[in-house]
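Shown here: start.txt, compact mmCIF, C-alpha atoms.
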```txt
# COMPACT_ATOMS: atom_id res chain seq x y z
CA MET A 1 -100.12 -40.85 -24.65
CA THR A 2 -96.36 -40.55 -24.08
CA THR A 3 -94.91 -43.26 -21.87
CA VAL A 4 -92.95 -41.96 -18.89
CA ARG A 5 -90.36 -44.34 -17.51
CA LYS A 6 -88.18 -44.29 -14.43
CA PRO A 7 -84.62 -43.07 -15.02
CA THR A 8 -81.76 -45.51 -14.70
CA LEU A 9 -79.17 -44.90 -11.99
CA VAL A 10 -76.62 -43.57 -14.50
CA GLU A 11 -79.18 -41.29 -16.18
CA SER A 12 -80.37 -39.93 -12.86
CA ILE A 13 -76.85 -39.25 -11.55
CA ALA A 14 -75.86 -37.54 -14.82
CA LEU A 15 -78.92 -35.27 -14.73
CA GLY A 16 -78.36 -34.63 -11.02
CA GLY A 17 -74.77 -33.60 -11.72
CA ALA A 18 -75.84 -31.23 -14.48
CA SER A 19 -78.41 -29.64 -12.17
CA CYS A 20 -75.91 -29.17 -9.35
CA VAL A 21 -73.07 -27.76 -11.49
CA PHE A 22 -75.52 -25.29 -13.02
CA THR A 23 -76.84 -24.22 -9.61
CA VAL A 24 -73.49 -23.68 -7.86
CA ASN A 25 -72.56 -20.84 -10.21
CA PHE A 26 -75.33 -18.78 -8.59
CA THR A 27 -74.92 -19.89 -4.97
CA HIS A 28 -71.12 -20.06 -4.62
CA PRO A 29 -70.76 -16.46 -3.32
CA ILE A 30 -73.18 -17.26 -0.46
CA GLU A 31 -71.15 -20.36 0.38
CA LEU A 32 -67.95 -18.31 0.45
CA VAL A 33 -69.45 -15.75 2.86
CA LYS A 34 -70.80 -18.53 5.08
CA THR A 35 -67.39 -20.25 5.20
CA ARG A 36 -65.60 -17.03 6.14
CA MET A 37 -68.15 -16.24 8.86
CA GLN A 38 -67.62 -19.68 10.38
CA VAL A 39 -63.83 -19.43 10.21
CA SER A 40 -63.41 -15.82 11.39
CA GLY A 41 -66.40 -15.34 13.67
CA ASP A 42 -67.16 -12.01 11.95
CA GLY A 43 -70.68 -10.86 11.10
CA LEU A 44 -72.38 -11.04 7.72
CA MET A 45 -71.98 -7.39 6.69
CA HIS A 46 -68.38 -7.23 7.91
CA VAL A 47 -67.39 -10.28 5.87
CA CYS A 48 -69.19 -9.04 2.75
CA SER A 49 -67.79 -5.50 2.88
CA ASN A 50 -64.23 -6.61 3.70
CA THR A 51 -64.21 -9.21 0.94
CA LEU A 52 -65.51 -6.75 -1.63
CA LYS A 53 -63.22 -3.90 -0.53
CA LYS A 54 -59.98 -5.87 -0.21
CA GLU A 55 -60.37 -8.60 -2.83
CA GLY A 56 -62.90 -7.37 -5.37
CA ILE A 57 -66.15 -8.80 -6.69
CA GLY A 58 -64.45 -11.74 -8.38
CA SER A 59 -63.23 -13.07 -5.04
CA PHE A 60 -66.76 -14.21 -4.20
CA TRP A 61 -66.18 -17.00 -6.73
CA LYS A 62 -62.88 -18.15 -5.19
CA GLY A 63 -62.73 -21.94 -5.28
CA ILE A 64 -65.43 -22.26 -7.96
CA VAL A 65 -63.38 -24.88 -9.86
CA TRP A 66 -63.34 -27.10 -6.78
CA ALA A 67 -67.05 -26.41 -6.32
CA TRP A 68 -67.70 -27.67 -9.86
CA GLY A 69 -65.77 -30.83 -9.03
CA ARG A 70 -67.68 -31.27 -5.78
CA GLU A 71 -71.06 -30.79 -7.43
CA GLY A 72 -70.17 -33.09 -10.31
CA SER A 73 -69.17 -35.88 -7.92
CA TYR A 74 -70.76 -35.64 -4.46
CA ALA A 75 -73.86 -33.65 -5.34
CA SER A 76 -74.64 -35.63 -8.49
CA ILE A 77 -74.83 -38.82 -6.42
CA LYS A 78 -76.82 -37.37 -3.52
CA LEU A 79 -79.38 -35.69 -5.80
CA GLY A 80 -79.44 -37.95 -8.85
CA GLY A 81 -79.08 -41.18 -6.91
CA TYR A 82 -82.02 -40.49 -4.59
CA ALA A 83 -84.94 -41.61 -6.79
CA PRO A 84 -83.33 -44.93 -7.87
CA MET A 85 -82.27 -45.66 -4.26
CA ARG A 86 -85.74 -44.77 -2.94
CA ASP A 87 -87.35 -47.07 -5.47
CA ALA A 88 -84.86 -49.86 -4.65
CA LEU A 89 -85.89 -49.58 -0.98
CA GLY A 90 -89.56 -49.87 -1.98
CA ALA A 91 -90.36 -46.28 -0.99
CA GLY A 92 -91.48 -44.98 -4.37
CA GLY A 93 -95.18 -45.00 -3.61
CA PRO A 94 -97.10 -42.05 -2.12
CA ASP A 95 -97.93 -44.04 1.02
CA ALA A 96 -94.39 -45.35 1.59
CA PRO A 97 -93.00 -44.89 5.14
CA PHE A 98 -91.19 -41.58 5.58
CA TYR A 99 -88.20 -43.27 7.24
CA LEU A 100 -87.45 -45.18 4.02
CA LYS A 101 -87.36 -41.91 2.06
CA PHE A 102 -85.03 -40.44 4.69
CA ALA A 103 -82.89 -43.60 4.54
CA ALA A 104 -82.57 -43.31 0.74
CA GLY A 105 -81.41 -39.70 1.13
CA ALA A 106 -78.94 -40.62 3.87
CA ILE A 107 -77.40 -43.46 1.85
CA THR A 108 -76.88 -41.42 -1.32
CA GLY A 109 -75.66 -38.43 0.68
CA GLY A 110 -73.11 -40.54 2.56
CA LEU A 111 -71.80 -42.24 -0.58
CA GLY A 112 -71.55 -38.93 -2.41
CA SER A 113 -69.60 -37.29 0.41
CA ILE A 114 -66.90 -39.98 0.26
CA VAL A 115 -66.40 -39.40 -3.47
CA GLY A 116 -66.47 -35.60 -3.21
CA ASN A 117 -64.46 -35.04 0.02
CA PRO A 118 -61.18 -34.01 -1.71
CA PHE A 119 -63.02 -31.31 -3.67
CA ASP A 120 -64.72 -30.16 -0.46
CA VAL A 121 -61.40 -29.79 1.37
CA LEU A 122 -59.77 -27.82 -1.45
CA LYS A 123 -62.86 -25.66 -1.95
CA THR A 124 -62.96 -24.77 1.75
CA LEU A 125 -59.25 -23.82 1.78
CA ALA A 126 -59.66 -21.72 -1.37
CA GLN A 127 -62.71 -19.90 0.01
CA ALA A 128 -61.13 -19.19 3.40
CA ASN A 129 -57.97 -17.78 1.78
CA LYS A 130 -58.14 -13.98 1.92
CA GLY A 131 -54.91 -13.40 0.04
CA ALA A 132 -54.06 -13.82 -3.62
CA PRO A 133 -55.70 -16.87 -5.21
CA VAL A 134 -53.52 -19.97 -4.92
CA PRO A 135 -52.99 -21.85 -8.23
CA LEU A 136 -54.76 -25.21 -8.39
CA THR A 137 -51.54 -27.18 -8.81
CA THR A 138 -49.94 -25.39 -5.86
CA LEU A 139 -52.88 -26.06 -3.54
CA VAL A 140 -52.98 -29.74 -4.46
CA GLY A 141 -49.20 -30.07 -4.33
CA ASN A 142 -48.89 -28.47 -0.89
CA MET A 143 -51.64 -30.66 0.52
CA HIS A 144 -50.11 -33.87 -0.85
CA LYS A 145 -46.59 -32.91 0.23
CA GLU A 146 -47.51 -32.00 3.81
CA GLN A 147 -50.29 -34.50 4.58
CA GLY A 148 -50.32 -37.08 1.81
CA ILE A 149 -53.51 -38.59 0.41
CA ALA A 150 -55.04 -38.56 3.90
CA GLY A 151 -55.05 -34.76 3.81
CA PHE A 152 -57.67 -34.79 1.08
CA TYR A 153 -59.93 -36.85 3.34
CA ARG A 154 -59.62 -34.85 6.53
CA GLY A 155 -62.99 -34.04 8.02
CA LEU A 156 -64.42 -37.11 6.26
CA ASN A 157 -66.36 -38.37 9.30
CA ALA A 158 -67.98 -34.96 9.80
CA ASN A 159 -68.66 -34.69 6.09
CA ILE A 160 -70.35 -38.10 5.94
CA MET A 161 -72.54 -37.30 8.97
CA ARG A 162 -73.38 -33.89 7.54
CA ALA A 163 -74.20 -35.35 4.13
CA CYS A 164 -76.41 -38.09 5.60
CA VAL A 165 -78.38 -35.61 7.71
CA LEU A 166 -78.52 -33.02 4.91
CA ASN A 167 -79.67 -35.31 2.14
CA ALA A 168 -82.05 -37.29 4.32
CA THR A 169 -83.72 -34.04 5.37
CA LYS A 170 -83.59 -32.44 1.94
CA MET A 171 -84.84 -35.30 -0.21
CA GLY A 172 -87.12 -36.84 2.42
CA CYS A 173 -88.85 -33.55 3.23
CA TYR A 174 -89.03 -32.61 -0.44
CA ASP A 175 -90.53 -35.94 -1.48
CA ILE A 176 -93.09 -35.92 1.35
CA SER A 177 -93.89 -32.21 0.93
CA LYS A 178 -94.72 -32.70 -2.75
CA GLY A 179 -97.53 -35.03 -1.75
CA TYR A 180 -98.93 -32.65 0.87
CA VAL A 181 -98.64 -29.58 -1.38
CA ALA A 182 -100.24 -31.37 -4.34
CA ASP A 183 -103.13 -32.65 -2.18
CA ALA A 184 -103.70 -29.26 -0.51
CA THR A 185 -103.60 -27.17 -3.68
CA GLY A 186 -104.69 -29.51 -6.43
CA TRP A 187 -101.45 -28.82 -8.32
CA GLY A 188 -99.70 -31.75 -9.99
CA ARG A 189 -96.47 -33.20 -8.57
CA LYS A 190 -94.62 -31.90 -11.64
CA ASP A 191 -96.11 -28.41 -11.35
CA VAL A 192 -93.41 -25.75 -10.92
CA ARG A 193 -95.38 -24.29 -8.00
CA THR A 194 -95.40 -27.65 -6.22
CA VAL A 195 -91.68 -28.11 -6.78
CA PHE A 196 -90.89 -24.56 -5.60
CA CYS A 197 -92.95 -24.76 -2.40
CA SER A 198 -91.66 -28.24 -1.52
CA ALA A 199 -88.04 -27.30 -2.19
CA SER A 200 -88.36 -24.15 -0.06
CA LEU A 201 -89.70 -26.17 2.88
CA ALA A 202 -86.91 -28.71 2.48
CA GLY A 203 -84.30 -25.91 2.48
CA PHE A 204 -85.53 -24.55 5.81
CA PHE A 205 -85.51 -27.90 7.59
CA MET A 206 -82.10 -28.71 6.09
CA THR A 207 -80.65 -25.60 7.69
CA LEU A 208 -82.00 -26.49 11.14
CA THR A 209 -80.54 -29.98 11.12
CA VAL A 210 -77.29 -29.46 9.20
CA SER A 211 -75.85 -26.23 10.65
CA PRO A 212 -73.90 -27.87 13.53
CA PHE A 213 -72.39 -30.50 11.22
CA ASP A 214 -71.53 -27.80 8.67
CA ARG A 215 -69.79 -25.70 11.32
CA ILE A 216 -67.65 -28.61 12.50
CA ARG A 217 -66.87 -29.79 8.98
CA THR A 218 -65.68 -26.32 7.98
CA ALA A 219 -63.41 -26.09 11.04
CA LEU A 220 -61.88 -29.50 10.35
CA MET A 221 -61.33 -28.87 6.65
CA ASN A 222 -59.91 -25.38 7.18
CA GLN A 223 -57.03 -26.57 9.37
CA PRO A 224 -53.65 -25.45 7.96
CA THR A 225 -52.04 -28.00 5.65
CA ASP A 226 -48.93 -28.14 7.86
CA LYS A 227 -50.57 -28.80 11.25
CA LYS A 228 -53.52 -30.47 12.95
CA ILE A 229 -55.67 -28.43 15.34
CA TYR A 230 -58.48 -30.91 16.03
CA ASP A 231 -58.32 -34.61 16.76
CA GLY A 232 -61.45 -35.63 14.91
CA PHE A 233 -65.15 -34.78 14.95
CA MET A 234 -65.87 -34.97 18.69
CA ASP A 235 -62.73 -33.04 19.66
CA CYS A 236 -63.69 -30.27 17.25
CA ALA A 237 -67.27 -30.21 18.54
CA VAL A 238 -66.17 -30.00 22.19
CA LYS A 239 -63.61 -27.25 21.51
CA THR A 240 -66.15 -25.28 19.47
CA VAL A 241 -68.76 -25.40 22.24
CA LYS A 242 -66.16 -24.48 24.90
CA SER A 243 -64.94 -21.56 22.81
CA ASP A 244 -68.21 -20.20 21.37
CA GLY A 245 -70.98 -21.81 23.41
CA ILE A 246 -73.62 -24.18 22.10
CA THR A 247 -75.01 -21.49 19.78
CA GLY A 248 -71.60 -21.40 18.10
CA LEU A 249 -72.61 -24.59 16.31
CA TRP A 250 -75.20 -22.54 14.44
CA ARG A 251 -72.81 -19.71 13.49
CA GLY A 252 -73.49 -18.69 9.92
CA PHE A 253 -77.13 -19.86 10.14
CA ILE A 254 -78.49 -17.00 8.00
CA PRO A 255 -76.04 -17.45 5.08
CA ILE A 256 -76.47 -21.23 5.31
CA TRP A 257 -80.24 -20.79 5.01
CA ALA A 258 -79.72 -18.17 2.29
CA ARG A 259 -77.66 -20.75 0.41
CA PHE A 260 -79.73 -23.87 1.09
CA ALA A 261 -83.08 -22.33 0.15
CA PRO A 262 -82.09 -21.19 -3.38
CA THR A 263 -79.71 -24.13 -3.85
CA SER A 264 -82.32 -26.79 -3.14
CA THR A 265 -84.96 -24.88 -5.12
CA ILE A 266 -82.83 -24.34 -8.24
CA GLN A 267 -81.38 -27.87 -8.11
CA LEU A 268 -84.77 -29.53 -7.77
CA LEU A 269 -86.48 -27.31 -10.33
CA THR A 270 -83.66 -28.02 -12.78
CA ILE A 271 -83.53 -31.79 -12.31
CA GLU A 272 -87.32 -32.04 -12.51
CA ALA A 273 -87.23 -30.05 -15.76
CA LEU A 274 -84.47 -32.33 -17.13
CA TYR A 275 -86.43 -35.43 -16.12
CA ASP A 276 -89.45 -34.04 -17.96
CA ALA A 277 -87.44 -33.06 -21.04
CA CYS A 278 -85.99 -36.58 -21.23
CA GLY A 279 -89.38 -38.22 -20.80
CA LEU A 280 -88.51 -39.57 -17.36
CA LYS A 281 -90.60 -39.89 -14.22
CA SER A 282 -90.23 -37.04 -11.72
CA ILE A 283 -89.13 -37.48 -8.10
```
Would you write out, as structure tokens, the structure that this file holds?
Amino acid sequence: MTTVRKPTLVESIALGGASCVFTVNFTHPIELVKTRMQVSGDGLMHVCSNTLKKEGIGSFWKGIVWAWGREGSYASIKLGGYAPMRDALGAGGPDAPFYLKFAAGAITGGLGSIVGNPFDVLKTLAQANKGAPVPLTTLVGNMHKEQGIAGFYRGLNANIMRACVLNATKMGCYDISKGYVADATGWGRKDVRTVFCSASLAGFFMTLTVSPFDRIRTALMNQPTDKKIYDGFMDCAVKTVKSDGITGLWRGFIPIWARFAPTSTIQLLTIEALYDACGLKSI
């Protein structure tokens, strides 16, 4: 019988990064539409048709280079670091308290967001830009010239809170759901059907909890490089609610859900397959 061992932290993060970089190539267009809906306030069909008509099909992948950087840094830590962190907290067993699984997701999500924030800022600016694509060196140079290093970390507080909530919900719900799905159906925890159902459930609950943080983060990161519109997370939240009402915090809910559901499913299916191929224990 083949021995299955737990992955090391480095192995898990590397496989998590590979899973996330692979996935973002398919989900980036949804992220771009979501970002433009949040920034402009326009509806889904209006954003899609305008983008296609004025900028062409390739524009749906604007900012993909920054997305690769984000997934290879932030996402690799939040996804790949979860299992080692969960086990370090003593939550690896099937009967472990749910709050420890959520804590493991929050910790890895928060750490990942700090590392990946510069890529997030540049990706958001590139996606929101409806004109000709801005060269990478120009985008970075303008940001550094006008705001310094701090410009690459604007929206960091919102990003950390978003990442903690997102990853705690995603990985915690996924981990717990696998147990329920396996018990209810008789499928194994590694079964593709178990992974798919659990990841789909996690994607839905992620959308409910993360949408307000995502809305505020996008607004903070999309501020022009030469001026500051919001004075931090709370100021942005208050101004958003005053301008758009409380439901404005959930603007872009459908594209966020449309992105989270396939993103979490493809990421988790891929990393589980990589774990299995490398002879490592699944999540």
With a cut-off of 12 Å, could you pull out the residues of range 159-190 of chain A touching range 76-100 of chain A and give me the nearest pair of atoms for each, distance in Å to one decimal, using only C-alpha atoms, ordered by chain and ascending number, as a tab-separated table?
```
residue	atom	partner	partner_atom	distance
A:Ile160	CA	A:Lys78	CA	11.5
A:Ala163	CA	A:Lys78	CA	8.3
A:Cys164	CA	A:Lys78	CA	9.2
A:Val165	CA	A:Lys78	CA	11.5
A:Leu166	CA	A:Lys78	CA	9.6
A:Asn167	CA	A:Lys78	CA	6.7
A:Ala168	CA	A:Tyr99	CA	9.1
A:Thr169	CA	A:Tyr99	CA	10.4
A:Lys170	CA	A:Leu79	CA	9.4
A:Met171	CA	A:Tyr82	CA	7.4
A:Gly172	CA	A:Phe98	CA	7.0
A:Cys173	CA	A:Phe98	CA	8.7
A:Tyr174	CA	A:Phe98	CA	11.0
A:Asp175	CA	A:Pro94	CA	9.0
A:Ile176	CA	A:Phe98	CA	7.3
A:Ser177	CA	A:Pro94	CA	10.8
A:Lys178	CA	A:Pro94	CA	9.7
A:Gly179	CA	A:Pro94	CA	7.0
A:Tyr180	CA	A:Pro94	CA	10.0
A:Ala182	CA	A:Pro94	CA	11.4
A:Asp183	CA	A:Pro94	CA	11.2
A:Arg189	CA	A:Pro94	CA	11.0
```
Rows by chain and residue number, range 190-230 of chain A within 12 Å of range 269-283 of chain A, shortest pair, all atoms listed in the file, as CSV:
```
residue,atom,partner,partner_atom,distance
A:Lys190,CA,A:Ser282,CA,6.8
A:Asp191,CA,A:Glu272,CA,9.6
A:Val192,CA,A:Leu269,CA,7.1
A:Arg193,CA,A:Leu269,CA,9.7
A:Thr194,CA,A:Leu269,CA,9.8
A:Val195,CA,A:Leu269,CA,6.3
A:Phe196,CA,A:Leu269,CA,7.0
A:Cys197,CA,A:Leu269,CA,10.5
A:Ser198,CA,A:Leu269,CA,10.3
A:Ala199,CA,A:Leu269,CA,8.3
A:Ser200,CA,A:Leu269,CA,10.9
```
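Once Leu44 in chain A and its same-chain neighbours fewer than 6 positions away are set aside, Ile30, Glu31, Leu32, Val33, Lys34, Thr35, Arg36, Met37, Gln38, Asn50, Thr51, Arg251, Gly252, Phe253, Ile254, Pro255, Ile256 and Ala258 of chain A remain within 12 Å of it when counting only C-alpha atoms.
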If we count only C-alpha atoms, what is near Ile64 in chain A at a cut-off of 10 Å, once residues fewer than 2 positions away on the same chain are taken out, given as number ranges by chain?
A: 24-25, 28-29, 32, 59-62, 66-70, 123, 126-127
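For the pair CA of Thr207 in chain A and CA of Ala219 in chain A, the interatomic distance is 17.6 Å.
Around the coordinate (-63.6, -36.4, 1.8), residues that reach within 8 Å when counting all atoms listed in the file are Ser113, Ile114, Val115, Gly116, Asn117, Pro118, Phe119, Asp120, Val121, Phe152, Tyr153, Arg154, Gly155, Leu156 and Asn159 of chain A.
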Next, the residues of the selection above should be written as a tab-separated table (two decimals), keeping the file's coordinate frame with C-alpha atoms.
```
chain	number	residue	atom	x	y	z
A	113	SER	CA	-69.60	-37.29	0.41
A	114	ILE	CA	-66.90	-39.98	0.26
A	115	VAL	CA	-66.40	-39.40	-3.47
A	116	GLY	CA	-66.47	-35.60	-3.21
A	117	ASN	CA	-64.46	-35.04	0.02
A	118	PRO	CA	-61.18	-34.01	-1.71
A	119	PHE	CA	-63.02	-31.31	-3.67
A	120	ASP	CA	-64.72	-30.16	-0.46
A	121	VAL	CA	-61.40	-29.79	1.37
A	152	PHE	CA	-57.67	-34.79	1.08
A	153	TYR	CA	-59.93	-36.85	3.34
A	154	ARG	CA	-59.62	-34.85	6.53
A	155	GLY	CA	-62.99	-34.04	8.02
A	156	LEU	CA	-64.42	-37.11	6.26
A	159	ASN	CA	-68.66	-34.69	6.09
```
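A straight line drawn from CA of Ile246 in chain A to CA of Gly105 in chain A is 27.2 Å long.
Across the model, the gap from CA of Phe102 in chain A to CA of Thr240 in chain A is 28.4 Å.
If only C-alpha atoms are the atoms counted, then among A:Asn129, A:Ser243, A:Thr185, A:Ser211 the closest residue to Ala158 in chain A is A:Ser211.
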Write out as a CSV table (one decimal) with C-alpha atoms, in the coordinates of the input which residues come within 10 Å of Lys145 in chain A when counting all atoms listed in the file, dropping same-chain ones fewer than 5 positions away.
```csv
chain,number,residue,atom,x,y,z
A,140,VAL,CA,-53.0,-29.7,-4.5
A,151,GLY,CA,-55.0,-34.8,3.8
A,225,THR,CA,-52.0,-28.0,5.6
A,226,ASP,CA,-48.9,-28.1,7.9
```
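Using only C-alpha atoms, the nearest neighbour of Val39 in chain A within the list A:Ser264, A:Asn222, A:Thr247, A:Thr209 is A:Asn222.
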